[in-house]
Amino acid sequence: MKSSEIRAQFLEFFRSKNHKIVSSAPVVPHGDPTLLFTNAGMNQFKDVFLGSGSRNYTRVADTQKCIRVSGKHNDLEEVGHDTYHHTFFEMLGNWSFGDYYKEEAITWAWELLTEVWKLPKERLWATVYRSDDEALDFWKNKTDINPDHILKFDEKDNFWEMGDTGPCGPCSEIHISLGDNYNDPSLVNAGTPECIEIWNLVFIQYNRDDKGILHELPAKHVDTGMGFERVCAVLQKKSSNYDTDIFMSLINEIEKLSGTKYGIEKDRIPMRVIADHIRTLTFAIADGASPGNEGRGYVLRRILRRASRYGRKLNLKEPFLFKLVDVLIENMGGVFPEIVDQSATIKKIIEAEEESFNVTLDRGIELFEQIADKVIKKKLNVISGDDVFKLYDTFGFPVDLTSVMAREKGLSIDEAKFNSLMDEQKQRARKSTKEKMSSAHIVSKGTEDFEIISKEPTAFVGYEQLESDAKIVGLKNENGTSFVILDRSPFYVESGGQVNDKGKFIFGKNELKVIDLAKINNQVIHILENSDKVEIAVGDNVLAVVDQNRRWDIMRNHSATHFLHAALRTVLGQHVQQSGSYVGPDRLRFDFSHYEKLTEGEIEAIESIVNEKILENLPMTHHRDTPFDQAQKMGALMFFGDKYGDKVNVVQFGDYTMEFCGGTHVKNSSQIGLFKIVSESSIASGVRRIEAVTGHGVEKYIRSQEEKLKKADLKLHELNEEKRKLEKDIAELQLKSKLGGIDSIIAAPVDVNGVSVFKGKIDAANMDELKSMGDELRNKIKSGVGLLIAQVEDKVQMVCVVTDDLIKDKKIMAGKIVGDTAKIVDGGGGGKPHMATAGGKNTGKIDEALNNFEEIVKKYT
């Protein structure tokens with residue numbers, strides 16, 4: 001059978017047992033801060049097991065995309081080296097929520113394996129928890145398994161727990177022994193490829209409290225998981241999962257790209273690693289993740305670099321991983337259409353990461369050579385853990401690569417120190433995760449210690465009303481803070497990027513602020529400040545009032561994100577997919593998949609489209625409680641971060657935008673006001689971020705910009721004043737420097753009929769400066785006539801001065817003299833008796849004018 005047939009038969013089998021078949025949840029577990037990636041089929045039903053959520057069905061089956069690369073479930077280092085570990089895999093599963101239990105789970109599993117798939121019964125083994133006699137009896141009496149093939153194990157192998165506290169229970173595993181010794185019980189749970197687990201049936205029947213005590217659950221659940229790749233290998237009679245049709249199309253393409261053969265032992269592991277890792281990268285990017293420097297982004301970057309490094313073992317030194325995406329899509333796109341929809345983005349992100357890593361890999365090799373040379377020169381034989389960590393952390397060098405390169409030079413590495421540094425990094429990451437978790441769980445103990453008269457979900461009336469009469473149905477007081485549950489509430493609890501509402505409760509003449517909100521078991525917890533000043537009791541009536549101005553600002557920003565999303569897809573392309581958002585009263589933030597910086601033109605176009613649509617006064621239609629399938633057929637876009645049940649809310653503005661969304665919105669687009677993008681940036685490889693404001697936010701933005709302009713104008717004025725002062729100081733210094741040339745002119749007078757004549761060519765920037773120099777010359781000579789000539793750009797400028805005694809006694813006039821002199825340079829001029837100026841066009845005759853100056857003066861003496 002082909003893998004596609006095996007998957008289809010599993011789902012069809014459970015459909016025949018009245019199970020609802022649902023789609024896989026994304027591998028990026030939006031809204032669950034405890035997980036980097038979805039790592040089990042039960043993740044999407046976690047809220048049901050915790051008692052905080054419910055579904056409108058009690059039997060369900062699916063195939064779940066899973067990634068295991070960190071924490072307890074970390075299969076990374078085994079991938080490619082054995083035949084059955086993967087970073088990405090499918091988990092086939094069936095669940096019962098308080099419906100059927102152990103008998104049906106066991107008998108149906110046996111039926112599918114032995115009657116539908118015809119697996120040899122003599123090779124199958126069942127394990128049960130050491131005290132679970134009930135499951136043991138069902139295996140013995142309700143199936144025809146060999147009774148000797150039923151084994152008991154303890155907690156390590158056959159007891160499942162979600163965490164230190166919470167839902168848990170025994171499990172029964174089904175193993176298949178593939179070797180010749182298939183009757184050997186020691187092979188079961190021995191971790192050998194001869195005998196592998198193929199299906200785990202978990203019976204969730206207890207709740208473990210914080211003291212470790214187990215309590216029977218009122219409703220018992222079934223949670224099963226079967227490794228799809230493993231069962232395909234068994235049914236296709238392959239000794240390795242990688243030899244099945246799930247992987248062989250990828251491996252065949254790797255053979256073509258590399259020119260190597262899968263049958264060659266040394267090339268087999270690199271091909272397996274690459275085939276596995278491209279699956280992880282493709283599905284993670286399709287679901288909104290991207291390679292980056294922290295969290296899941298860092299994990300993806302490590303995986304990509306690990307695959308790229310293994311590619312070099314096959315002489316694949318140029319980017320090649322992105323070329324495998326189309327092969328994977330051809331094989332799996334029919335089951336998981338999201339990889340088809342996001343194919344362009346997936347390929348561009350992977351190719352960009354490969355190109356970047358090729359550069360850093362070459363740098364890393366260069367750095368390794370430098371480190372190794374220093375170690376050898378010092379006659380040491382160990383590369384320090386700090387250097388190994390630097391290669392790993394900065395250049396993405398896996399420790400095993402450094403170790404191999406070190407061995408080639410007769411060196412070893414300090415792996416203990418490296419591991420210590422890695423542990424420190426993990427501790428920092430855990431601390432960050434815990435901080436996120438603590439903020440995500442305001443009421444950590446649930447509602448167990450509340451005084452409660454109703455466990456019915458809080459009715460949300462906040463779509464139509466911003467204040468509502470309500471009754472207190474649950475209450476807990478703690479350190480001056482009250483945690484209040486109402487039967488109905490207009491307060492919106494943070495979800496899908498939209499922040500919590502704030503407001504107040506009115507008790508008669510008393511008011512208390514609502515400072516925070518949480519939701520447990522679909523009941524809204526209102527957290528009240530200073531509640532010890534007002535007597536509150538279960539059964540009291542209150543008026544719950546949302547801060548209306550704040551909510552309206554939030555609604556404007558939320559509606560604007562829908563318009564922005566549509567405009568981005570119009571301008572940039574349909575590959576744009578939301579990757580995250582923040583919708584608050586002050587601003588909106590929208591993260592989206594795109595592979596390059598937006599141009600100014602693109603930003604302007606996006607902004608213009610949004611504002612044009614806002615002005616069209618498009619009405620908002622809220623399709624509430626719409627069947628999921630119907631909403632998809634309507635063409636509604638799924639919004640990042642929301643979980644969707646069978647019934648969904650869809651927000652539509654005219655014919656322009658239609659989104660899956662449970663948030664609150666304006667009634668028509670014109671109520672948004674104005675939309676303004678304030679920044680666009682990169683937050684990870686292939687992910688961009690736009691921040692924007694609307695309504696009052698635009699007013700504040702304009703005021704802040706005006707204030708910045710005023711400050712800039714004031715600063716500019718101050719700078720101009722300082723500039724003018726500096727220019728004046730510089731001019732004075734330059735003038736003083738130039739005046740030094742006048743002294744040489746004064747020192748060489750020529751006598752013309754008893755009159756001292758002073759003349760010379762001098763540097764001057766302009767006529768004003770030349771006149772200043774003329775004043776200086778006149779002041780310094782006791783008696784005489786002076787001429788200063790300068791070339792200013794391509795013209796002649798001159799000034800003539802005459803001392804007062806010559807004006808009085810000999811009637812010598814500066815204006816007449818300068819006029820005659822200017823004629824020589826094809827110009828003219830004149831002025832007062834003591835000083836006159838002139839200009840001319842012919843700079844080539846400056847020397848001639850100076851040489852004839854004595855003769856001109858002689859005419860007037």
# chains A, B, ... in the order shown; residues from 1 in each chain; ligands from 1
$ select_by_dssp --residues "range 52-190 of chain A" --states "strand (DSSP E or B)" --output "PyMOL selection string"
chain A and resi 59-67+69-70+73-74+88-97+124-129+150-153+159-161+166-177
$ closest_atom_pairs --of "range 525-604 of chain A" --to "range 478-481 of chain A" --cutoff "9 Å" --atoms "only C-alpha atoms" --output "tab-separated table"
residue	atom	partner	partner_atom	distance
A:Ile527	CA	A:Thr481	CA	6.9
A:Leu528	CA	A:Thr481	CA	5.7
A:Glu529	CA	A:Thr481	CA	5.4
A:Asn530	CA	A:Gly480	CA	5.3
A:Ser531	CA	A:Thr481	CA	5.5
A:Asp532	CA	A:Gly480	CA	5.0
A:Lys533	CA	A:Gly480	CA	8.2
$ write_last_selection --atoms "all heavy atoms" --output "tab-separated table (two decimals), in the first residue's frame"
chain	number	residue	atom	x	y	z
A	527	ILE	N	-10.55	40.80	37.57
A	527	ILE	CA	-9.65	41.05	38.69
A	527	ILE	C	-9.81	42.51	39.12
A	527	ILE	O	-9.58	43.43	38.34
A	527	ILE	CB	-8.20	40.73	38.29
A	527	ILE	CG1	-8.12	39.26	37.84
A	527	ILE	CG2	-7.23	41.00	39.43
A	527	ILE	CD1	-6.82	38.86	37.22
A	528	LEU	N	-10.25	42.67	40.38
A	528	LEU	CA	-10.61	44.00	40.89
A	528	LEU	C	-9.56	44.51	41.86
A	528	LEU	O	-9.07	43.77	42.73
A	528	LEU	CB	-11.97	43.95	41.60
A	528	LEU	CG	-13.14	43.34	40.83
A	528	LEU	CD1	-14.42	43.48	41.65
A	528	LEU	CD2	-13.32	44.03	39.48
A	529	GLU	N	-9.25	45.81	41.75
A	529	GLU	CA	-8.24	46.45	42.58
A	529	GLU	C	-8.87	47.02	43.85
A	529	GLU	O	-9.99	47.54	43.82
A	529	GLU	CB	-7.59	47.59	41.75
A	529	GLU	CG	-6.41	48.24	42.39
A	529	GLU	CD	-5.84	49.32	41.49
A	529	GLU	OE1	-6.62	50.17	41.00
A	529	GLU	OE2	-4.63	49.33	41.27
A	530	ASN	N	-8.12	46.90	44.98
A	530	ASN	CA	-8.56	47.48	46.28
A	530	ASN	C	-9.96	47.03	46.68
A	530	ASN	O	-10.76	47.80	47.22
A	530	ASN	CB	-8.52	49.02	46.23
A	530	ASN	CG	-7.12	49.54	45.97
A	530	ASN	OD1	-6.15	48.98	46.47
A	530	ASN	ND2	-7.02	50.59	45.18
A	531	SER	N	-10.28	45.78	46.42
A	531	SER	CA	-11.63	45.30	46.67
A	531	SER	C	-11.94	45.12	48.15
A	531	SER	O	-13.10	44.94	48.53
A	531	SER	CB	-11.85	43.97	45.94
A	531	SER	OG	-10.88	43.03	46.35
A	532	ASP	N	-10.90	45.19	49.02
A	532	ASP	CA	-11.15	45.04	50.45
A	532	ASP	C	-11.88	46.25	51.02
A	532	ASP	O	-12.35	46.23	52.15
A	532	ASP	CB	-9.84	44.80	51.21
A	532	ASP	CG	-8.78	45.84	50.89
A	532	ASP	OD1	-8.98	46.61	49.93
A	532	ASP	OD2	-7.76	45.88	51.61
A	533	LYS	N	-12.00	47.34	50.22
A	533	LYS	CA	-12.70	48.55	50.68
A	533	LYS	C	-14.20	48.47	50.45
A	533	LYS	O	-14.96	49.31	50.90
A	533	LYS	CB	-12.13	49.77	49.97
A	533	LYS	CG	-10.65	50.03	50.29
A	533	LYS	CD	-10.12	51.22	49.53
A	533	LYS	CE	-8.64	51.45	49.85
A	533	LYS	NZ	-8.07	52.57	49.07
$ closest_residue --among "A:Lys597, A:Arg7, A:Lys348, A:Lys220" --to "Ser679 in chain A" --atoms "only C-alpha atoms"
A:Lys597
$ residues_around --residues "Ala631 in chain A" --least-positions-apart "6" --cutoff "8 Å" --atoms "only C-alpha atoms" --output "compact mmCIF listing (two decimals) with N, CA, C and O atoms, in the first residue's frame"
# COMPACT_ATOMS: atom_id res chain seq x y z
N VAL A 648 -17.62 29.23 14.17
CA VAL A 648 -16.65 30.33 14.21
C VAL A 648 -17.35 31.66 13.97
O VAL A 648 -18.50 31.71 13.51
N VAL A 650 -17.03 35.26 11.91
CA VAL A 650 -16.39 35.85 10.73
C VAL A 650 -16.75 37.33 10.68
O VAL A 650 -17.91 37.70 10.81
N PHE A 660 -11.75 35.21 9.63
CA PHE A 660 -12.13 34.50 10.85
C PHE A 660 -11.68 35.41 12.00
O PHE A 660 -10.51 35.75 12.09
$ residues_around --residues "range 380-388 of chain A" --least-positions-apart "6" --cutoff "6 Å" --atoms "only C-alpha atoms" --output "list in words"
Leu411, Ser412, Ile413, Asp414, Lys417 and Phe418 of chain A
$ select_by_dssp --residues "range 366-512 of chain A" --states "alpha helix (DSSP H)" --output "JSON, numbers by chain"
{"A": [366, 367, 368, 369, 370, 371, 372, 373, 374, 375, 376, 377, 385, 386, 387, 388, 389, 390, 391, 392, 393, 394, 395, 399, 400, 401, 402, 403, 404, 405, 406, 407, 408, 415, 416, 417, 418, 419, 420, 421, 422, 423, 424, 425, 426, 427, 428, 429, 430, 431, 432, 433, 434, 435, 436, 437, 438, 439, 440]}
$ residues_around --residues "Trp199 in chain A" --least-positions-apart "3" --cutoff "12 Å" --atoms "only C-alpha atoms" --output "CSV table (one decimal) with all heavy atoms, in the first residue's frame"
chain,number,residue,atom,x,y,z
A,91,MET,N,1.3,12.0,13.4
A,91,MET,CA,0.8,11.2,14.4
A,91,MET,C,-0.7,10.9,14.1
A,91,MET,O,-1.5,11.8,14.1
A,91,MET,CB,0.9,11.9,15.8
A,91,MET,CG,0.4,11.1,17.0
A,91,MET,SD,1.6,9.8,17.5
A,91,MET,CE,2.6,10.8,18.6
A,92,LEU,N,-1.0,9.6,13.8
A,92,LEU,CA,-2.3,9.2,13.6
A,92,LEU,C,-3.0,9.0,15.0
A,92,LEU,O,-2.3,8.3,15.8
A,92,LEU,CB,-2.4,7.9,12.8
A,92,LEU,CG,-1.8,8.0,11.4
A,92,LEU,CD1,-1.8,6.6,10.7
A,92,LEU,CD2,-2.6,8.9,10.5
A,93,GLY,N,-4.2,9.5,15.2
A,93,GLY,CA,-4.7,9.3,16.5
A,93,GLY,C,-6.2,9.3,16.5
A,93,GLY,O,-6.9,9.8,15.6
A,94,ASN,N,-6.8,8.7,17.6
A,94,ASN,CA,-8.2,8.7,17.8
A,94,ASN,C,-8.4,9.0,19.3
A,94,ASN,O,-7.6,8.6,20.2
A,94,ASN,CB,-8.9,7.4,17.4
A,94,ASN,CG,-8.4,6.2,18.2
A,94,ASN,OD1,-7.2,5.8,17.9
A,94,ASN,ND2,-9.2,5.6,19.1
A,105,ALA,N,-11.2,1.0,22.7
A,105,ALA,CA,-9.8,1.5,22.3
A,105,ALA,C,-9.0,0.3,21.9
A,105,ALA,O,-8.3,0.3,20.9
A,105,ALA,CB,-9.2,2.3,23.3
A,106,ILE,N,-9.0,-0.7,22.8
A,106,ILE,CA,-8.1,-1.9,22.6
A,106,ILE,C,-8.7,-2.8,21.4
A,106,ILE,O,-7.9,-3.2,20.5
A,106,ILE,CB,-8.0,-2.7,23.9
A,106,ILE,CG1,-7.2,-2.0,24.9
A,106,ILE,CG2,-7.5,-4.1,23.6
A,106,ILE,CD1,-7.2,-2.6,26.3
A,108,TRP,N,-10.7,-2.0,18.9
A,108,TRP,CA,-10.6,-1.3,17.6
A,108,TRP,C,-9.2,-1.3,17.1
A,108,TRP,O,-8.9,-1.4,15.9
A,108,TRP,CB,-11.2,0.1,17.7
A,108,TRP,CG,-12.7,0.1,17.8
A,108,TRP,CD1,-13.6,-1.0,17.6
A,108,TRP,CD2,-13.5,1.1,18.3
A,108,TRP,NE1,-14.8,-0.6,17.8
A,108,TRP,CE2,-14.9,0.7,18.3
A,108,TRP,CE3,-13.3,2.4,18.8
A,108,TRP,CZ2,-15.9,1.5,18.7
A,108,TRP,CZ3,-14.3,3.2,19.1
A,108,TRP,CH2,-15.6,2.8,19.1
A,109,ALA,N,-8.2,-1.0,18.0
A,109,ALA,CA,-6.8,-1.0,17.6
A,109,ALA,C,-6.4,-2.4,17.0
A,109,ALA,O,-5.8,-2.5,15.9
A,109,ALA,CB,-5.9,-0.7,18.7
A,110,TRP,N,-6.8,-3.4,17.7
A,110,TRP,CA,-6.5,-4.8,17.2
A,110,TRP,C,-7.2,-5.1,15.9
A,110,TRP,O,-6.6,-5.7,15.0
A,110,TRP,CB,-7.0,-5.8,18.3
A,110,TRP,CG,-6.5,-7.2,18.0
A,110,TRP,CD1,-7.3,-8.3,17.6
A,110,TRP,CD2,-5.2,-7.7,18.1
A,110,TRP,NE1,-6.6,-9.4,17.5
A,110,TRP,CE2,-5.3,-9.1,17.8
A,110,TRP,CE3,-4.0,-7.2,18.5
A,110,TRP,CZ2,-4.1,-9.9,17.8
A,110,TRP,CZ3,-2.8,-8.0,18.5
A,110,TRP,CH2,-2.9,-9.3,18.1
A,112,LEU,N,-8.1,-2.9,13.5
A,112,LEU,CA,-7.5,-2.2,12.4
A,112,LEU,C,-6.1,-2.9,12.0
A,112,LEU,O,-5.8,-3.1,10.8
A,112,LEU,CB,-7.2,-0.7,12.8
A,112,LEU,CG,-6.5,0.1,11.7
A,112,LEU,CD1,-7.3,0.2,10.4
A,112,LEU,CD2,-6.2,1.5,12.3
A,113,LEU,N,-5.3,-3.2,13.0
A,113,LEU,CA,-4.0,-3.7,12.7
A,113,LEU,C,-4.1,-5.1,12.1
A,113,LEU,O,-3.3,-5.4,11.2
A,113,LEU,CB,-3.2,-3.8,14.0
A,113,LEU,CG,-2.8,-2.5,14.7
A,113,LEU,CD1,-2.1,-2.7,16.0
A,113,LEU,CD2,-1.9,-1.7,13.7
A,124,LEU,N,2.9,-9.3,17.1
A,124,LEU,CA,2.4,-8.2,17.9
A,124,LEU,C,2.5,-8.5,19.4
A,124,LEU,O,2.2,-9.6,19.8
A,124,LEU,CB,1.0,-7.9,17.5
A,124,LEU,CG,0.8,-7.4,16.0
A,124,LEU,CD1,-0.7,-7.2,15.7
A,124,LEU,CD2,1.6,-6.1,15.8
A,125,TRP,N,2.8,-7.4,20.1
A,125,TRP,CA,2.9,-7.5,21.6
A,125,TRP,C,2.1,-6.3,22.1
A,125,TRP,O,2.1,-5.2,21.5
A,125,TRP,CB,4.4,-7.4,22.0
A,125,TRP,CG,5.3,-8.5,21.7
A,125,TRP,CD1,5.8,-8.8,20.5
A,125,TRP,CD2,5.7,-9.6,22.6
A,125,TRP,NE1,6.5,-10.0,20.5
A,125,TRP,CE2,6.5,-10.4,21.8
A,125,TRP,CE3,5.5,-9.8,23.9
A,125,TRP,CZ2,7.1,-11.6,22.4
A,125,TRP,CZ3,6.1,-10.9,24.5
A,125,TRP,CH2,6.9,-11.8,23.7
A,126,ALA,N,1.5,-6.5,23.3
A,126,ALA,CA,0.8,-5.5,24.0
A,126,ALA,C,1.4,-5.3,25.4
A,126,ALA,O,1.7,-6.3,26.1
A,126,ALA,CB,-0.7,-5.8,24.1
A,127,THR,N,1.6,-4.1,25.8
A,127,THR,CA,2.1,-3.8,27.1
A,127,THR,C,1.0,-3.0,27.9
A,127,THR,O,0.3,-2.2,27.3
A,127,THR,CB,3.4,-3.0,27.1
A,127,THR,OG1,3.2,-1.7,26.6
A,127,THR,CG2,4.5,-3.7,26.3
A,171,CYS,N,-1.2,3.6,30.3
A,171,CYS,CA,-1.4,3.4,28.8
A,171,CYS,C,-1.0,2.0,28.4
A,171,CYS,O,-0.4,1.2,29.2
A,171,CYS,CB,-0.4,4.4,28.1
A,171,CYS,SG,1.3,4.2,28.4
A,172,SER,N,-1.5,1.6,27.3
A,172,SER,CA,-1.2,0.3,26.7
A,172,SER,C,-0.6,0.5,25.3
A,172,SER,O,-1.2,1.1,24.5
A,172,SER,CB,-2.5,-0.5,26.6
A,172,SER,OG,-2.3,-1.8,26.0
A,173,GLU,N,0.6,0.0,25.2
A,173,GLU,CA,1.4,0.1,23.9
A,173,GLU,C,1.3,-1.1,23.1
A,173,GLU,O,1.3,-2.2,23.6
A,173,GLU,CB,2.8,0.5,24.2
A,173,GLU,CG,3.0,1.9,24.9
A,173,GLU,CD,4.5,2.2,25.2
A,173,GLU,OE1,5.3,1.3,25.1
A,173,GLU,OE2,4.7,3.4,25.4
A,174,ILE,N,1.3,-0.9,21.8
A,174,ILE,CA,1.3,-2.1,20.9
A,174,ILE,C,2.7,-2.0,20.1
A,174,ILE,O,3.0,-1.0,19.5
A,174,ILE,CB,0.2,-2.0,19.9
A,174,ILE,CG1,-1.2,-2.0,20.6
A,174,ILE,CG2,0.2,-3.2,18.9
A,174,ILE,CD1,-2.4,-1.7,19.7
A,175,HIS,N,3.4,-3.1,20.2
A,175,HIS,CA,4.7,-3.3,19.6
A,175,HIS,C,4.7,-4.3,18.5
A,175,HIS,O,3.9,-5.3,18.6
A,175,HIS,CB,5.8,-3.6,20.6
A,175,HIS,CG,5.9,-2.6,21.7
A,175,HIS,ND1,7.1,-1.8,21.9
A,175,HIS,CD2,5.1,-2.3,22.7
A,175,HIS,CE1,6.9,-1.1,22.9
A,175,HIS,NE2,5.7,-1.3,23.5
A,176,ILE,N,5.6,-4.2,17.5
A,176,ILE,CA,5.7,-5.3,16.5
A,176,ILE,C,7.2,-5.7,16.5
A,176,ILE,O,8.1,-4.9,16.4
A,176,ILE,CB,5.2,-4.9,15.1
A,176,ILE,CG1,5.3,-6.1,14.2
A,176,ILE,CG2,6.0,-3.7,14.6
A,176,ILE,CD1,4.5,-5.9,12.9
A,196,ILE,N,9.6,-2.5,17.6
A,196,ILE,CA,9.3,-1.1,17.8
A,196,ILE,C,7.9,-0.9,18.2
A,196,ILE,O,7.0,-1.7,17.8
A,196,ILE,CB,9.6,-0.4,16.5
A,196,ILE,CG1,8.8,-0.9,15.3
A,196,ILE,CG2,11.1,-0.4,16.1
A,196,ILE,CD1,8.8,-0.1,14.0
A,202,VAL,N,-3.6,5.7,25.4
A,202,VAL,CA,-3.5,6.3,26.8
A,202,VAL,C,-5.0,6.4,27.3
A,202,VAL,O,-5.9,6.9,26.7
A,202,VAL,CB,-2.9,7.7,26.7
A,202,VAL,CG1,-2.9,8.4,28.1
A,202,VAL,CG2,-1.5,7.6,26.1
A,223,ASP,N,-6.8,8.7,24.6
A,223,ASP,CA,-5.9,9.5,23.7
A,223,ASP,C,-4.9,8.5,23.1
A,223,ASP,O,-4.1,8.0,23.8
A,223,ASP,CB,-5.2,10.6,24.6
A,223,ASP,CG,-4.0,11.2,23.9
A,223,ASP,OD1,-3.9,11.1,22.7
A,223,ASP,OD2,-3.1,11.7,24.7
A,224,THR,N,-5.0,8.3,21.8
A,224,THR,CA,-4.1,7.4,21.2
A,224,THR,C,-3.2,8.0,20.2
A,224,THR,O,-3.6,9.1,19.6
A,224,THR,CB,-4.8,6.2,20.5
A,224,THR,OG1,-5.2,6.6,19.2
A,224,THR,CG2,-6.1,5.8,21.3
A,225,GLY,N,-2.0,7.5,19.9
A,225,GLY,CA,-1.1,8.0,19.0
A,225,GLY,C,-0.3,6.9,18.3
A,225,GLY,O,0.3,6.0,18.9
A,226,MET,N,-0.4,6.9,16.9
A,226,MET,CA,0.4,5.9,16.1
A,226,MET,C,1.3,6.7,15.2
A,226,MET,O,1.0,7.6,14.5
A,226,MET,CB,-0.6,5.1,15.3
A,226,MET,CG,0.1,4.1,14.3
A,226,MET,SD,-1.0,3.5,13.1
A,226,MET,CE,-2.1,2.5,14.1
A,227,GLY,N,2.6,6.3,15.2
A,227,GLY,CA,3.6,6.9,14.3
A,227,GLY,C,3.3,6.5,12.9
A,227,GLY,O,3.5,5.3,12.5
A,228,PHE,N,2.9,7.4,12.1
A,228,PHE,CA,2.5,7.1,10.7
A,228,PHE,C,3.7,6.6,9.9
A,228,PHE,O,3.6,5.6,9.2
A,228,PHE,CB,2.0,8.4,10.0
A,228,PHE,CG,1.7,8.3,8.6
A,228,PHE,CD1,0.7,7.4,8.1
A,228,PHE,CD2,2.4,9.1,7.6
A,228,PHE,CE1,0.4,7.3,6.8
A,228,PHE,CE2,2.1,9.0,6.3
A,228,PHE,CZ,1.1,8.1,5.8
A,229,GLU,N,4.9,7.2,10.0
A,229,GLU,CA,6.1,6.7,9.3
A,229,GLU,C,6.4,5.3,9.6
A,229,GLU,O,6.8,4.5,8.8
A,229,GLU,CB,7.2,7.7,9.5
A,229,GLU,CG,7.1,9.0,8.9
A,229,GLU,CD,6.1,10.0,9.7
A,229,GLU,OE1,5.7,9.6,10.8
A,229,GLU,OE2,5.8,11.0,9.2
A,230,ARG,N,6.3,5.0,10.9
A,230,ARG,CA,6.7,3.6,11.4
A,230,ARG,C,5.7,2.6,10.8
A,230,ARG,O,6.1,1.5,10.4
A,230,ARG,CB,6.7,3.5,12.9
A,230,ARG,CG,7.8,4.3,13.6
A,230,ARG,CD,7.9,4.1,15.0
A,230,ARG,NE,8.9,4.9,15.7
A,230,ARG,CZ,9.2,4.8,17.0
A,230,ARG,NH1,8.6,3.9,17.7
A,230,ARG,NH2,10.2,5.5,17.5
A,231,VAL,N,4.4,2.8,10.9
A,231,VAL,CA,3.4,1.8,10.4
A,231,VAL,C,3.5,1.7,8.9
A,231,VAL,O,3.3,0.6,8.4
A,231,VAL,CB,2.0,2.2,10.9
A,231,VAL,CG1,1.4,3.3,10.0
A,231,VAL,CG2,1.1,0.9,10.9
$ residues_around --residues "Ile349 in chain A" --least-positions-apart "4" --cutoff "10 Å" --atoms "only C-alpha atoms" --output "PyMOL selection string"
chain A and resi 281-282+285+290-291+322+344-345+353-354+593-596+685-687
$ write_last_selection --atoms "C-alpha atoms" --output "PDB file, in the first residue's frame"
ATOM      1  CA  LEU A 281      11.325  23.391   7.656  1.00  0.00           C
ATOM      2  CA  THR A 282       8.551  23.333   5.059  1.00  0.00           C
ATOM      3  CA  ILE A 285       7.372  27.906   7.773  1.00  0.00           C
ATOM      4  CA  SER A 290      10.729  31.328  10.507  1.00  0.00           C
ATOM      5  CA  PRO A 291      14.417  30.709  11.180  1.00  0.00           C
ATOM      6  CA  PHE A 322      14.729  25.050  -1.366  1.00  0.00           C
ATOM      7  CA  ALA A 344       6.656  30.649  -2.708  1.00  0.00           C
ATOM      8  CA  THR A 345       7.301  32.007   0.786  1.00  0.00           C
ATOM      9  CA  GLU A 353      18.806  31.207   4.943  1.00  0.00           C
ATOM     10  CA  GLU A 354      20.967  28.821   2.909  1.00  0.00           C
ATOM     11  CA  SER A 593       5.410  36.724   5.976  1.00  0.00           C
ATOM     12  CA  HIS A 594       7.427  38.566   3.342  1.00  0.00           C
ATOM     13  CA  TYR A 595      10.991  38.091   2.196  1.00  0.00           C
ATOM     14  CA  GLU A 596      12.276  41.650   1.675  1.00  0.00           C
ATOM     15  CA  SER A 685      14.123  35.956   8.386  1.00  0.00           C
ATOM     16  CA  GLY A 686      11.081  36.171   6.113  1.00  0.00           C
ATOM     17  CA  VAL A 687       8.915  38.009   8.657  1.00  0.00           C
TER      18      VAL A 687
END
$ residues_around --residues "range 255-271 of chain A" --least-positions-apart "4" --cutoff "10 Å" --atoms "only C-alpha atoms" --output "number ranges by chain"
A: 79-83, 242-243, 247-251, 275-277, 306-317, 320-321, 323-324
$ write_last_selection --atoms "C-alpha atoms" --output "tab-separated table (two decimals), in the first residue's frame"
chain	number	residue	atom	x	y	z
A	79	VAL	CA	17.72	11.58	13.01
A	80	GLY	CA	19.36	9.95	10.01
A	81	HIS	CA	21.60	7.71	12.12
A	82	ASP	CA	18.83	5.24	12.92
A	83	THR	CA	15.93	4.09	10.80
A	242	TYR	CA	13.32	6.34	5.05
A	243	ASP	CA	12.88	3.54	2.50
A	247	PHE	CA	10.76	9.76	1.86
A	248	MET	CA	11.96	8.12	-1.36
A	249	SER	CA	10.73	10.85	-3.72
A	250	LEU	CA	12.84	13.34	-1.71
A	251	ILE	CA	15.82	10.99	-1.61
A	275	ALA	CA	14.97	14.42	3.61
A	276	ASP	CA	13.80	14.66	7.23
A	277	HIS	CA	14.84	18.25	7.83
A	306	ARG	CA	22.42	20.90	10.03
A	307	ALA	CA	20.81	19.89	6.72
A	308	SER	CA	23.02	22.31	4.81
A	309	ARG	CA	26.15	20.92	6.47
A	310	TYR	CA	25.13	17.35	5.59
A	311	GLY	CA	24.63	18.60	2.03
A	312	ARG	CA	28.32	19.47	1.90
A	313	LYS	CA	29.08	15.82	2.59
A	314	LEU	CA	27.33	15.20	-0.75
A	315	ASN	CA	29.27	18.04	-2.45
A	316	LEU	CA	26.18	20.28	-2.38
A	317	LYS	CA	27.90	23.60	-1.66
A	320	PHE	CA	19.82	23.27	-2.65
A	321	LEU	CA	17.28	22.67	0.13
A	323	LYS	CA	14.77	22.93	-4.56
A	324	LEU	CA	13.29	20.00	-2.60
